[in-house]
>>> print(open('query32.cif').read())   # mmCIF, all heavy atoms
data_model
#
loop_
_atom_site.label_atom_id
_atom_site.label_comp_id
_atom_site.auth_asym_id
_atom_site.auth_seq_id
_atom_site.Cartn_x
_atom_site.Cartn_y
_atom_site.Cartn_z
N MET A 1 100.36 118.77 87.35
CA MET A 1 101.29 117.81 87.88
C MET A 1 101.53 116.73 86.82
O MET A 1 100.59 116.20 86.26
CB MET A 1 100.73 117.20 89.16
CG MET A 1 101.68 116.30 89.87
SD MET A 1 101.08 115.52 91.37
CE MET A 1 100.65 116.87 92.39
N SER A 2 102.77 116.43 86.56
CA SER A 2 103.09 115.44 85.52
C SER A 2 102.78 114.03 86.01
O SER A 2 102.69 113.76 87.21
CB SER A 2 104.56 115.54 85.14
OG SER A 2 105.37 115.04 86.18
N THR A 3 102.62 113.13 85.07
CA THR A 3 102.33 111.74 85.43
C THR A 3 103.51 111.09 86.14
O THR A 3 103.31 110.23 87.00
CB THR A 3 101.96 110.93 84.18
OG1 THR A 3 103.00 111.03 83.22
CG2 THR A 3 100.67 111.43 83.57
N THR A 4 104.72 111.51 85.83
CA THR A 4 105.89 110.97 86.50
C THR A 4 105.89 111.35 87.98
O THR A 4 106.13 110.51 88.85
CB THR A 4 107.18 111.47 85.83
OG1 THR A 4 107.15 111.13 84.46
CG2 THR A 4 108.41 110.90 86.49
N LEU A 5 105.60 112.60 88.25
CA LEU A 5 105.56 113.06 89.63
C LEU A 5 104.40 112.41 90.38
O LEU A 5 104.55 112.00 91.54
CB LEU A 5 105.42 114.58 89.68
CG LEU A 5 105.41 115.22 91.07
CD1 LEU A 5 106.69 114.87 91.82
CD2 LEU A 5 105.25 116.71 90.96
N THR A 6 103.27 112.27 89.73
CA THR A 6 102.12 111.61 90.36
C THR A 6 102.46 110.16 90.70
O THR A 6 102.15 109.69 91.80
CB THR A 6 100.89 111.66 89.44
OG1 THR A 6 100.60 113.02 89.13
CG2 THR A 6 99.70 111.02 90.09
N GLY A 7 103.07 109.46 89.78
CA GLY A 7 103.48 108.08 90.03
C GLY A 7 104.48 107.96 91.17
O GLY A 7 104.40 107.04 91.99
N ALA A 8 105.41 108.90 91.23
CA ALA A 8 106.39 108.88 92.32
C ALA A 8 105.72 109.13 93.67
O ALA A 8 106.06 108.47 94.67
CB ALA A 8 107.46 109.94 92.06
N LEU A 9 104.76 110.05 93.71
CA LEU A 9 104.06 110.31 94.96
C LEU A 9 103.21 109.12 95.40
O LEU A 9 103.17 108.79 96.59
CB LEU A 9 103.19 111.56 94.82
CG LEU A 9 103.94 112.88 94.73
CD1 LEU A 9 102.96 114.02 94.45
CD2 LEU A 9 104.70 113.14 96.00
N VAL A 10 102.54 108.48 94.46
CA VAL A 10 101.75 107.29 94.78
C VAL A 10 102.67 106.20 95.31
O VAL A 10 102.36 105.54 96.31
CB VAL A 10 100.95 106.82 93.55
CG1 VAL A 10 100.38 105.43 93.77
CG2 VAL A 10 99.85 107.80 93.23
N GLY A 11 103.80 105.99 94.68
CA GLY A 11 104.76 105.00 95.14
C GLY A 11 105.28 105.30 96.54
O GLY A 11 105.43 104.40 97.37
N ALA A 12 105.54 106.57 96.82
CA ALA A 12 106.02 106.95 98.14
C ALA A 12 104.96 106.71 99.21
O ALA A 12 105.26 106.19 100.30
CB ALA A 12 106.44 108.42 98.14
N VAL A 13 103.72 107.05 98.92
CA VAL A 13 102.64 106.82 99.87
C VAL A 13 102.48 105.34 100.15
O VAL A 13 102.34 104.91 101.31
CB VAL A 13 101.31 107.44 99.35
CG1 VAL A 13 100.13 106.96 100.17
CG2 VAL A 13 101.39 108.95 99.38
N LEU A 14 102.50 104.52 99.10
CA LEU A 14 102.36 103.07 99.28
C LEU A 14 103.56 102.49 100.03
O LEU A 14 103.40 101.57 100.85
CB LEU A 14 102.17 102.39 97.93
CG LEU A 14 100.83 102.64 97.25
CD1 LEU A 14 100.82 102.01 95.87
CD2 LEU A 14 99.68 102.13 98.09
N ALA A 15 104.75 103.00 99.79
CA ALA A 15 105.93 102.52 100.50
C ALA A 15 105.83 102.84 101.99
O ALA A 15 106.13 101.98 102.84
CB ALA A 15 107.19 103.13 99.90
N PHE A 16 105.41 104.05 102.32
CA PHE A 16 105.25 104.41 103.73
C PHE A 16 104.15 103.59 104.38
O PHE A 16 104.27 103.16 105.53
CB PHE A 16 104.96 105.91 103.89
CG PHE A 16 106.19 106.77 103.76
CD1 PHE A 16 106.22 107.77 102.81
CD2 PHE A 16 107.29 106.58 104.57
CE1 PHE A 16 107.35 108.57 102.67
CE2 PHE A 16 108.41 107.36 104.45
CZ PHE A 16 108.45 108.36 103.49
N ALA A 17 103.08 103.32 103.66
CA ALA A 17 102.00 102.50 104.21
C ALA A 17 102.50 101.09 104.49
O ALA A 17 102.15 100.49 105.51
CB ALA A 17 100.82 102.46 103.24
N ALA A 18 103.32 100.55 103.59
CA ALA A 18 103.86 99.20 103.80
C ALA A 18 104.80 99.17 105.00
O ALA A 18 104.78 98.23 105.79
CB ALA A 18 104.59 98.74 102.55
N LEU A 19 105.60 100.22 105.17
CA LEU A 19 106.53 100.25 106.29
C LEU A 19 105.81 100.43 107.63
O LEU A 19 106.17 99.81 108.63
CB LEU A 19 107.53 101.40 106.10
CG LEU A 19 108.59 101.20 105.03
CD1 LEU A 19 109.38 102.48 104.82
CD2 LEU A 19 109.51 100.05 105.40
N ILE A 20 104.80 101.28 107.64
CA ILE A 20 104.14 101.61 108.90
C ILE A 20 103.08 100.58 109.27
O ILE A 20 103.00 100.15 110.42
CB ILE A 20 103.52 103.02 108.81
CG1 ILE A 20 104.63 104.06 108.68
CG2 ILE A 20 102.66 103.32 110.03
CD1 ILE A 20 104.15 105.44 108.35
N PHE A 21 102.24 100.18 108.31
CA PHE A 21 101.08 99.35 108.61
C PHE A 21 101.24 97.89 108.21
O PHE A 21 100.35 97.08 108.47
CB PHE A 21 99.83 99.92 107.92
CG PHE A 21 99.52 101.32 108.32
CD1 PHE A 21 99.57 102.33 107.39
CD2 PHE A 21 99.20 101.63 109.62
CE1 PHE A 21 99.29 103.63 107.73
CE2 PHE A 21 98.92 102.94 109.99
CZ PHE A 21 98.97 103.94 109.04
N GLY A 22 102.29 97.53 107.52
CA GLY A 22 102.47 96.16 107.09
C GLY A 22 101.72 95.87 105.80
O GLY A 22 101.19 96.75 105.13
N PHE A 23 101.66 94.57 105.47
CA PHE A 23 101.09 94.16 104.19
C PHE A 23 99.62 94.52 104.06
O PHE A 23 99.18 95.04 103.04
CB PHE A 23 101.28 92.66 104.01
CG PHE A 23 100.69 92.13 102.74
CD1 PHE A 23 101.27 92.42 101.52
CD2 PHE A 23 99.54 91.37 102.76
CE1 PHE A 23 100.73 91.94 100.34
CE2 PHE A 23 98.99 90.89 101.58
CZ PHE A 23 99.58 91.18 100.38
N TRP A 24 98.81 94.22 105.09
CA TRP A 24 97.36 94.46 104.99
C TRP A 24 97.06 95.96 104.97
O TRP A 24 96.14 96.40 104.27
CB TRP A 24 96.62 93.77 106.11
CG TRP A 24 96.73 92.29 105.96
CD1 TRP A 24 97.45 91.43 106.75
CD2 TRP A 24 96.16 91.48 104.91
NE1 TRP A 24 97.34 90.16 106.26
CE2 TRP A 24 96.56 90.15 105.14
CE3 TRP A 24 95.35 91.76 103.81
CZ2 TRP A 24 96.17 89.10 104.32
CZ3 TRP A 24 94.97 90.71 102.99
CH2 TRP A 24 95.38 89.41 103.24
N GLY A 25 97.83 96.75 105.67
CA GLY A 25 97.67 98.19 105.60
C GLY A 25 98.02 98.73 104.23
O GLY A 25 97.36 99.63 103.70
N PHE A 26 99.06 98.14 103.64
CA PHE A 26 99.45 98.50 102.28
C PHE A 26 98.31 98.22 101.30
O PHE A 26 97.97 99.06 100.47
CB PHE A 26 100.70 97.71 101.89
CG PHE A 26 101.00 97.72 100.42
CD1 PHE A 26 101.63 98.80 99.83
CD2 PHE A 26 100.66 96.64 99.62
CE1 PHE A 26 101.92 98.81 98.48
CE2 PHE A 26 100.95 96.64 98.27
CZ PHE A 26 101.57 97.73 97.70
N LEU A 27 97.71 97.04 101.41
CA LEU A 27 96.60 96.70 100.52
C LEU A 27 95.41 97.62 100.73
O LEU A 27 94.76 98.04 99.76
CB LEU A 27 96.17 95.24 100.72
CG LEU A 27 97.10 94.19 100.14
CD1 LEU A 27 96.53 92.80 100.40
CD2 LEU A 27 97.33 94.40 98.67
N LEU A 28 95.10 97.94 101.97
CA LEU A 28 93.99 98.84 102.25
C LEU A 28 94.24 100.23 101.67
O LEU A 28 93.36 100.81 101.04
CB LEU A 28 93.74 98.95 103.76
CG LEU A 28 92.61 99.86 104.18
CD1 LEU A 28 91.27 99.34 103.65
CD2 LEU A 28 92.56 99.99 105.69
N VAL A 29 95.43 100.74 101.84
CA VAL A 29 95.77 102.07 101.29
C VAL A 29 95.69 102.03 99.76
O VAL A 29 95.15 102.95 99.14
CB VAL A 29 97.16 102.53 101.78
CG1 VAL A 29 97.63 103.75 101.01
CG2 VAL A 29 97.12 102.82 103.26
N ALA A 30 96.20 100.97 99.14
CA ALA A 30 96.15 100.86 97.68
C ALA A 30 94.71 100.80 97.19
O ALA A 30 94.35 101.45 96.20
CB ALA A 30 96.93 99.63 97.21
N LEU A 31 93.86 100.03 97.88
CA LEU A 31 92.46 99.93 97.51
C LEU A 31 91.75 101.27 97.64
O LEU A 31 91.02 101.70 96.73
CB LEU A 31 91.76 98.88 98.38
CG LEU A 31 90.26 98.72 98.16
CD1 LEU A 31 89.98 98.12 96.79
CD2 LEU A 31 89.66 97.88 99.26
N LEU A 32 91.98 101.96 98.73
CA LEU A 32 91.33 103.26 98.94
C LEU A 32 91.84 104.31 97.96
O LEU A 32 91.08 105.17 97.52
CB LEU A 32 91.52 103.72 100.38
CG LEU A 32 90.80 102.87 101.43
CD1 LEU A 32 91.14 103.34 102.83
CD2 LEU A 32 89.31 102.87 101.21
N MET A 33 93.10 104.23 97.58
CA MET A 33 93.62 105.16 96.57
C MET A 33 92.95 104.90 95.23
O MET A 33 92.62 105.84 94.49
CB MET A 33 95.14 105.04 96.45
CG MET A 33 95.88 105.62 97.63
SD MET A 33 97.66 105.35 97.54
CE MET A 33 98.12 106.56 96.31
N GLY A 34 92.75 103.64 94.88
CA GLY A 34 92.07 103.30 93.63
C GLY A 34 90.63 103.78 93.62
O GLY A 34 90.15 104.33 92.63
N ILE A 35 89.93 103.59 94.73
CA ILE A 35 88.54 104.06 94.84
C ILE A 35 88.50 105.58 94.74
O ILE A 35 87.63 106.15 94.06
CB ILE A 35 87.91 103.57 96.15
CG1 ILE A 35 87.71 102.06 96.09
CG2 ILE A 35 86.59 104.28 96.42
CD1 ILE A 35 87.30 101.43 97.41
N GLY A 36 89.43 106.24 95.37
CA GLY A 36 89.49 107.70 95.29
C GLY A 36 89.77 108.20 93.88
O GLY A 36 89.20 109.19 93.42
N ALA A 37 90.64 107.49 93.16
CA ALA A 37 90.94 107.87 91.78
C ALA A 37 89.71 107.69 90.89
O ALA A 37 89.41 108.55 90.05
CB ALA A 37 92.10 107.04 91.24
N LEU A 38 88.99 106.59 91.08
CA LEU A 38 87.76 106.38 90.31
C LEU A 38 86.71 107.44 90.62
O LEU A 38 86.06 107.97 89.72
CB LEU A 38 87.19 104.98 90.58
CG LEU A 38 87.92 103.83 89.92
CD1 LEU A 38 87.31 102.50 90.36
CD2 LEU A 38 87.87 103.94 88.41
N ALA A 39 86.55 107.76 91.90
CA ALA A 39 85.58 108.78 92.29
C ALA A 39 85.95 110.14 91.69
O ALA A 39 85.08 110.88 91.23
CB ALA A 39 85.51 108.88 93.81
N GLY A 40 87.23 110.45 91.67
CA GLY A 40 87.67 111.71 91.07
C GLY A 40 87.38 111.78 89.58
O GLY A 40 86.96 112.81 89.06
N ARG A 41 87.55 110.66 88.88
CA ARG A 41 87.25 110.64 87.44
C ARG A 41 85.75 110.76 87.18
O ARG A 41 85.34 111.38 86.21
CB ARG A 41 87.79 109.38 86.80
CG ARG A 41 89.29 109.40 86.71
CD ARG A 41 89.76 108.57 85.59
NE ARG A 41 91.18 108.82 85.42
CZ ARG A 41 91.75 108.89 84.25
NH1 ARG A 41 91.05 108.71 83.18
NH2 ARG A 41 93.03 109.14 84.15
N VAL A 42 84.94 110.14 88.03
CA VAL A 42 83.49 110.25 87.87
C VAL A 42 83.04 111.69 88.09
O VAL A 42 82.27 112.25 87.30
CB VAL A 42 82.75 109.29 88.83
CG1 VAL A 42 81.27 109.59 88.87
CG2 VAL A 42 82.99 107.85 88.42
N VAL A 43 83.55 112.33 89.13
CA VAL A 43 83.16 113.71 89.44
C VAL A 43 83.61 114.67 88.35
O VAL A 43 82.87 115.59 87.98
CB VAL A 43 83.72 114.12 90.82
CG1 VAL A 43 83.57 115.60 91.06
CG2 VAL A 43 83.04 113.33 91.93
N SER A 44 84.80 114.45 87.79
CA SER A 44 85.30 115.35 86.75
C SER A 44 84.69 115.07 85.39
O SER A 44 84.91 115.82 84.45
CB SER A 44 86.82 115.24 86.66
OG SER A 44 87.20 114.00 86.12
N GLY A 45 83.93 113.98 85.26
CA GLY A 45 83.28 113.67 84.00
C GLY A 45 84.14 112.86 83.04
O GLY A 45 83.76 112.68 81.88
N GLN A 46 85.28 112.37 83.48
CA GLN A 46 86.16 111.60 82.61
C GLN A 46 85.79 110.12 82.55
O GLN A 46 86.30 109.39 81.72
CB GLN A 46 87.61 111.72 83.08
CG GLN A 46 88.16 113.12 82.95
CD GLN A 46 89.57 113.21 83.48
OE1 GLN A 46 90.06 112.32 84.14
NE2 GLN A 46 90.24 114.32 83.17
N LEU A 47 84.89 109.67 83.42
CA LEU A 47 84.48 108.27 83.46
C LEU A 47 82.97 108.21 83.53
O LEU A 47 82.35 108.80 84.41
CB LEU A 47 85.10 107.57 84.68
CG LEU A 47 84.77 106.09 84.85
CD1 LEU A 47 85.35 105.29 83.69
CD2 LEU A 47 85.33 105.59 86.16
N ASP A 48 82.37 107.49 82.58
CA ASP A 48 80.93 107.32 82.53
C ASP A 48 80.57 105.97 83.15
O ASP A 48 80.93 104.92 82.62
CB ASP A 48 80.46 107.39 81.08
CG ASP A 48 78.95 107.29 80.94
OD1 ASP A 48 78.25 107.50 81.95
OD2 ASP A 48 78.50 107.00 79.82
N LEU A 49 79.88 106.01 84.28
CA LEU A 49 79.56 104.77 84.99
C LEU A 49 78.60 103.88 84.22
O LEU A 49 78.70 102.65 84.29
CB LEU A 49 78.98 105.08 86.37
CG LEU A 49 79.98 105.61 87.40
CD1 LEU A 49 79.28 105.88 88.71
CD2 LEU A 49 81.13 104.66 87.59
N SER A 50 77.68 104.46 83.45
CA SER A 50 76.74 103.63 82.69
C SER A 50 77.47 102.86 81.59
O SER A 50 77.17 101.70 81.33
CB SER A 50 75.62 104.48 82.11
OG SER A 50 76.13 105.44 81.22
N ALA A 51 78.45 103.47 80.94
CA ALA A 51 79.24 102.77 79.93
C ALA A 51 80.10 101.70 80.57
O ALA A 51 80.26 100.60 80.02
CB ALA A 51 80.11 103.76 79.17
N LEU A 52 80.65 101.98 81.74
CA LEU A 52 81.46 101.00 82.45
C LEU A 52 80.62 99.81 82.88
O LEU A 52 81.05 98.66 82.76
CB LEU A 52 82.12 101.66 83.67
CG LEU A 52 83.11 100.81 84.44
CD1 LEU A 52 84.28 100.43 83.56
CD2 LEU A 52 83.59 101.57 85.66
N ALA A 53 79.40 100.06 83.34
CA ALA A 53 78.50 98.97 83.72
C ALA A 53 78.13 98.13 82.50
O ALA A 53 78.00 96.91 82.59
CB ALA A 53 77.25 99.53 84.38
N GLY A 54 77.97 98.77 81.35
CA GLY A 54 77.66 98.05 80.12
C GLY A 54 78.79 97.12 79.70
O GLY A 54 78.56 96.02 79.20
N VAL A 55 80.02 97.54 79.92
CA VAL A 55 81.16 96.70 79.59
C VAL A 55 81.15 95.44 80.45
O VAL A 55 81.36 94.33 79.97
CB VAL A 55 82.48 97.48 79.79
CG1 VAL A 55 83.68 96.55 79.74
CG2 VAL A 55 82.61 98.57 78.76
N PHE A 56 80.88 95.59 81.74
CA PHE A 56 80.88 94.43 82.63
C PHE A 56 79.65 93.55 82.42
O PHE A 56 79.68 92.37 82.71
CB PHE A 56 80.96 94.87 84.09
CG PHE A 56 82.34 95.36 84.47
CD1 PHE A 56 82.53 96.67 84.85
CD2 PHE A 56 83.41 94.51 84.44
CE1 PHE A 56 83.79 97.12 85.20
CE2 PHE A 56 84.68 94.95 84.78
CZ PHE A 56 84.87 96.26 85.17
N ALA A 57 78.58 94.13 81.88
CA ALA A 57 77.37 93.34 81.60
C ALA A 57 77.46 92.63 80.24
O ALA A 57 76.57 91.86 79.91
CB ALA A 57 76.15 94.24 81.63
N GLY A 58 78.49 92.92 79.47
CA GLY A 58 78.67 92.24 78.19
C GLY A 58 78.12 93.02 77.01
O GLY A 58 78.19 92.57 75.88
N ARG A 59 77.57 94.20 77.25
CA ARG A 59 77.08 95.03 76.15
C ARG A 59 78.23 95.87 75.63
O ARG A 59 78.84 96.62 76.38
CB ARG A 59 75.95 95.94 76.63
CG ARG A 59 74.67 95.17 76.88
CD ARG A 59 73.64 96.07 77.47
NE ARG A 59 73.79 95.91 78.93
CZ ARG A 59 73.58 96.85 79.81
NH1 ARG A 59 73.21 98.05 79.46
NH2 ARG A 59 73.72 96.60 81.09
N ARG A 60 78.52 95.74 74.35
CA ARG A 60 79.61 96.51 73.76
C ARG A 60 79.03 97.53 72.81
O ARG A 60 78.31 97.19 71.90
CB ARG A 60 80.57 95.60 73.03
CG ARG A 60 81.25 94.63 73.94
CD ARG A 60 82.20 93.76 73.20
NE ARG A 60 82.74 92.75 74.10
CZ ARG A 60 83.55 91.81 73.71
NH1 ARG A 60 83.91 91.71 72.46
NH2 ARG A 60 84.00 90.94 74.57
N SER A 61 79.41 98.78 73.02
CA SER A 61 78.93 99.84 72.15
C SER A 61 79.97 100.94 72.11
O SER A 61 80.60 101.25 73.12
CB SER A 61 77.60 100.40 72.69
OG SER A 61 77.22 101.52 71.95
N SER A 62 80.14 101.55 70.96
CA SER A 62 81.08 102.65 70.83
C SER A 62 80.40 103.99 71.05
O SER A 62 81.03 105.02 70.98
CB SER A 62 81.75 102.62 69.45
OG SER A 62 80.76 102.77 68.46
N VAL A 63 79.12 103.98 71.30
CA VAL A 63 78.37 105.23 71.49
C VAL A 63 78.27 105.57 72.94
O VAL A 63 78.17 104.81 73.81
CB VAL A 63 76.96 105.11 70.87
CG1 VAL A 63 76.20 106.40 71.09
CG2 VAL A 63 77.06 104.80 69.41
#
>>> encode(input="query32.cif", output="structure tokens")
Amino acid sequence: MSTTLTGALVGAVLAFAALIFGFWGFLLVALLMGIGALAGRVVSGQLDLSALAGVFAGRRSSV
């Protein structure tokens, strides 16, 4: 699936959430989509949580 199509689908889902559930429902759907995207990257191995934690802790390393 191309990034353009993925972006369009995400936009459509968020638009429907805003129409159906209002502003707070829109924010909840956006937050849960972000959490789901992060979880998917962790499971697929594209995101290393220990390196991400190091960035937030102030430790910078290219290894």
>>> atom_distance(input="query32.cif", atom1="CA of Thr4 in chain A", atom2="CA of Leu49 in chain A")
27.1 Å
>>> axis_aligned_box(input="query32.cif", around="range 5-14 of chain A", padding_each_side="5 Å", output="lines of an AutoDock Vina configuration file")
center_x = 103.6
center_y = 109.1
center_z = 94.8
size_x = 17.8
size_y = 25.1
size_z = 23.1
>>> atom_distance(input="query32.cif", atom1="CD1 of Phe21 in chain A", atom2="CG of Met1 in chain A")
22.5 Å
>>> atom_distance(input="query32.cif", atom1="CB of Val10 in chain A", atom2="atom N of Met33 in chain A")
9.2 Å
>>> select_by_dssp(input="query32.cif", residues="range 9-61 of chain A", states="alpha helix (DSSP H)", output="NGL selection string")
:A and (9-44 or 49-57)
>>> resolve_selection(input="query32.cif", expression="the PyMOL selection byres (((chain A and resi 14 and name CA) around 10) and name CA)", output="ChimeraX atom specification")
/A:8-13,15-20,25-30,33
>>> write_last_selection(input="query32.cif", atoms="all heavy atoms", output="short mmCIF file (atom, residue, chain, number, x, y, z; two decimals), in the coordinates of the input")
data_model
loop_
_atom_site.label_atom_id
_atom_site.label_comp_id
_atom_site.auth_asym_id
_atom_site.auth_seq_id
_atom_site.Cartn_x
_atom_site.Cartn_y
_atom_site.Cartn_z
N ALA A 8 105.41 108.90 91.23
CA ALA A 8 106.39 108.88 92.32
C ALA A 8 105.72 109.13 93.67
O ALA A 8 106.06 108.47 94.67
CB ALA A 8 107.46 109.94 92.06
N LEU A 9 104.76 110.05 93.71
CA LEU A 9 104.06 110.31 94.96
C LEU A 9 103.21 109.12 95.40
O LEU A 9 103.17 108.79 96.59
CB LEU A 9 103.19 111.56 94.82
CG LEU A 9 103.94 112.88 94.73
CD1 LEU A 9 102.96 114.02 94.45
CD2 LEU A 9 104.70 113.14 96.00
N VAL A 10 102.54 108.48 94.46
CA VAL A 10 101.75 107.29 94.78
C VAL A 10 102.67 106.20 95.31
O VAL A 10 102.36 105.54 96.31
CB VAL A 10 100.95 106.82 93.55
CG1 VAL A 10 100.38 105.43 93.77
CG2 VAL A 10 99.85 107.80 93.23
N GLY A 11 103.80 105.99 94.68
CA GLY A 11 104.76 105.00 95.14
C GLY A 11 105.28 105.30 96.54
O GLY A 11 105.43 104.40 97.37
N ALA A 12 105.54 106.57 96.82
CA ALA A 12 106.02 106.95 98.14
C ALA A 12 104.96 106.71 99.21
O ALA A 12 105.26 106.19 100.30
CB ALA A 12 106.44 108.42 98.14
N VAL A 13 103.72 107.05 98.92
CA VAL A 13 102.64 106.82 99.87
C VAL A 13 102.48 105.34 100.15
O VAL A 13 102.34 104.91 101.31
CB VAL A 13 101.31 107.44 99.35
CG1 VAL A 13 100.13 106.96 100.17
CG2 VAL A 13 101.39 108.95 99.38
N ALA A 15 104.75 103.00 99.79
CA ALA A 15 105.93 102.52 100.50
C ALA A 15 105.83 102.84 101.99
O ALA A 15 106.13 101.98 102.84
CB ALA A 15 107.19 103.13 99.90
N PHE A 16 105.41 104.05 102.32
CA PHE A 16 105.25 104.41 103.73
C PHE A 16 104.15 103.59 104.38
O PHE A 16 104.27 103.16 105.53
CB PHE A 16 104.96 105.91 103.89
CG PHE A 16 106.19 106.77 103.76
CD1 PHE A 16 106.22 107.77 102.81
CD2 PHE A 16 107.29 106.58 104.57
CE1 PHE A 16 107.35 108.57 102.67
CE2 PHE A 16 108.41 107.36 104.45
CZ PHE A 16 108.45 108.36 103.49
N ALA A 17 103.08 103.32 103.66
CA ALA A 17 102.00 102.50 104.21
C ALA A 17 102.50 101.09 104.49
O ALA A 17 102.15 100.49 105.51
CB ALA A 17 100.82 102.46 103.24
N ALA A 18 103.32 100.55 103.59
CA ALA A 18 103.86 99.20 103.80
C ALA A 18 104.80 99.17 105.00
O ALA A 18 104.78 98.23 105.79
CB ALA A 18 104.59 98.74 102.55
N LEU A 19 105.60 100.22 105.17
CA LEU A 19 106.53 100.25 106.29
C LEU A 19 105.81 100.43 107.63
O LEU A 19 106.17 99.81 108.63
CB LEU A 19 107.53 101.40 106.10
CG LEU A 19 108.59 101.20 105.03
CD1 LEU A 19 109.38 102.48 104.82
CD2 LEU A 19 109.51 100.05 105.40
N ILE A 20 104.80 101.28 107.64
CA ILE A 20 104.14 101.61 108.90
C ILE A 20 103.08 100.58 109.27
O ILE A 20 103.00 100.15 110.42
CB ILE A 20 103.52 103.02 108.81
CG1 ILE A 20 104.63 104.06 108.68
CG2 ILE A 20 102.66 103.32 110.03
CD1 ILE A 20 104.15 105.44 108.35
N GLY A 25 97.83 96.75 105.67
CA GLY A 25 97.67 98.19 105.60
C GLY A 25 98.02 98.73 104.23
O GLY A 25 97.36 99.63 103.70
N PHE A 26 99.06 98.14 103.64
CA PHE A 26 99.45 98.50 102.28
C PHE A 26 98.31 98.22 101.30
O PHE A 26 97.97 99.06 100.47
CB PHE A 26 100.70 97.71 101.89
CG PHE A 26 101.00 97.72 100.42
CD1 PHE A 26 101.63 98.80 99.83
CD2 PHE A 26 100.66 96.64 99.62
CE1 PHE A 26 101.92 98.81 98.48
CE2 PHE A 26 100.95 96.64 98.27
CZ PHE A 26 101.57 97.73 97.70
N LEU A 27 97.71 97.04 101.41
CA LEU A 27 96.60 96.70 100.52
C LEU A 27 95.41 97.62 100.73
O LEU A 27 94.76 98.04 99.76
CB LEU A 27 96.17 95.24 100.72
CG LEU A 27 97.10 94.19 100.14
CD1 LEU A 27 96.53 92.80 100.40
CD2 LEU A 27 97.33 94.40 98.67
N LEU A 28 95.10 97.94 101.97
CA LEU A 28 93.99 98.84 102.25
C LEU A 28 94.24 100.23 101.67
O LEU A 28 93.36 100.81 101.04
CB LEU A 28 93.74 98.95 103.76
CG LEU A 28 92.61 99.86 104.18
CD1 LEU A 28 91.27 99.34 103.65
CD2 LEU A 28 92.56 99.99 105.69
N VAL A 29 95.43 100.74 101.84
CA VAL A 29 95.77 102.07 101.29
C VAL A 29 95.69 102.03 99.76
O VAL A 29 95.15 102.95 99.14
CB VAL A 29 97.16 102.53 101.78
CG1 VAL A 29 97.63 103.75 101.01
CG2 VAL A 29 97.12 102.82 103.26
N ALA A 30 96.20 100.97 99.14
CA ALA A 30 96.15 100.86 97.68
C ALA A 30 94.71 100.80 97.19
O ALA A 30 94.35 101.45 96.20
CB ALA A 30 96.93 99.63 97.21
N MET A 33 93.10 104.23 97.58
CA MET A 33 93.62 105.16 96.57
C MET A 33 92.95 104.90 95.23
O MET A 33 92.62 105.84 94.49
CB MET A 33 95.14 105.04 96.45
CG MET A 33 95.88 105.62 97.63
SD MET A 33 97.66 105.35 97.54
CE MET A 33 98.12 106.56 96.31
#
